[in-house]
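In what follows, a single structure is set out as C-alpha cells and then discussed.
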Amino acid sequence: MKHAMGLGHQVGNQVTLSYRKEAFTRIKERNAQRIQESIRKGKVKAIFNSIPTEFKESSVILDVNGKQEEIPNDYVWIFAGGEPPWLS
C-alpha cells in the first residue's frame with residue numbers, strides 16, 4: 001500500500017491498485033487511513049475483487065468479478081505476501 005501511495009503522489013503518475021478482495025484486509029489503521037485519503041484525492045485508483053490475468057506490453061487484463069477489463073499500463077509492481085501487520 002505504501003508504495004502505491006508514494007507512486008501516486010509523484011507528478012504525472014496514474015496509479016491503479018488491483019486488490020483481490022472486496023475491501024482492504026490485514027492492514028494497519030494508519031495505512032488504511034492513508035490509502036483511503038489517496039483514493040479520495042484521486043492519487044490512487046483501487047479496483048477491488050480483481051485479479052491480474054495477463055500482462056501485455058502496454059496494458060494489463062484484470063478479471064473483475066468475472067468480467068475481463070483491460071487497463072493501460074506502463075509498469076507493474078507486484079507485492080504479494082509479506083509479514084502480517086500484527087507481527088510487526
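By order of appearance in the C-alpha cells: chains A, B, ..., then residues from 1 within every chain, and ligands from 1 in the order shown.
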According to DSSP computed on the backbone, where in segment 28-58 of chain A is there strand (DSSP E)? Give the residues as a list in words. Val44, Lys45, Ala46, Ile47, Ser50, Ile51, Pro52, Thr53, Glu54 and Phe55 of chain A
Include N, CA and C atoms and write out the residues we just selected as a compact mmCIF listing (two decimals), in the first residue's frame.
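Below is the file that was written, result20.txt:
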# COMPACT_ATOMS: atom_id res chain seq x y z
N VAL A 44 -4.69 7.54 -6.20
CA VAL A 44 -4.66 6.09 -6.42
C VAL A 44 -6.08 5.65 -6.75
N LYS A 45 -6.19 4.79 -7.76
CA LYS A 45 -7.48 4.17 -8.08
C LYS A 45 -7.39 2.72 -7.62
N ALA A 46 -8.33 2.28 -6.81
CA ALA A 46 -8.35 0.90 -6.35
C ALA A 46 -9.44 0.14 -7.09
N ILE A 47 -9.08 -1.04 -7.59
CA ILE A 47 -10.05 -1.93 -8.23
C ILE A 47 -10.12 -3.17 -7.37
N SER A 50 -10.43 -7.94 -7.93
CA SER A 50 -9.76 -8.05 -9.22
C SER A 50 -8.51 -8.92 -9.13
N ILE A 51 -8.27 -9.61 -10.22
CA ILE A 51 -7.09 -10.49 -10.30
C ILE A 51 -6.44 -10.24 -11.66
N PRO A 52 -5.18 -9.84 -11.70
CA PRO A 52 -4.49 -9.72 -12.98
C PRO A 52 -4.38 -11.09 -13.65
N THR A 53 -4.79 -11.17 -14.90
CA THR A 53 -4.72 -12.44 -15.61
C THR A 53 -3.74 -12.43 -16.77
N GLU A 54 -3.40 -11.23 -17.24
CA GLU A 54 -2.46 -11.15 -18.37
C GLU A 54 -1.78 -9.78 -18.37
N PHE A 55 -0.47 -9.80 -18.61
CA PHE A 55 0.30 -8.57 -18.74
C PHE A 55 0.74 -8.45 -20.18
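Interatomic distance, atom CA of Thr25 of chain A against atom CA of Ile39 of chain A: 16.1 Å.
Distance check against Arg20 of chain A using only C-alpha atoms: of A:Ile71, A:Val64, A:Ile35, A:Ile78, the minimum falls on A:Val64.
Between Gly42 of chain A and the residues A:Val15, A:Glu57, A:Trp77, A:Asn65, the shortest atom-to-atom distance, using only C-alpha atoms, involves A:Val15.
Across A:Arg26, A:Phe48, A:Leu62, A:Lys43, the tightest approach to Gln14 of chain A is made by A:Lys43 when counting only C-alpha atoms.
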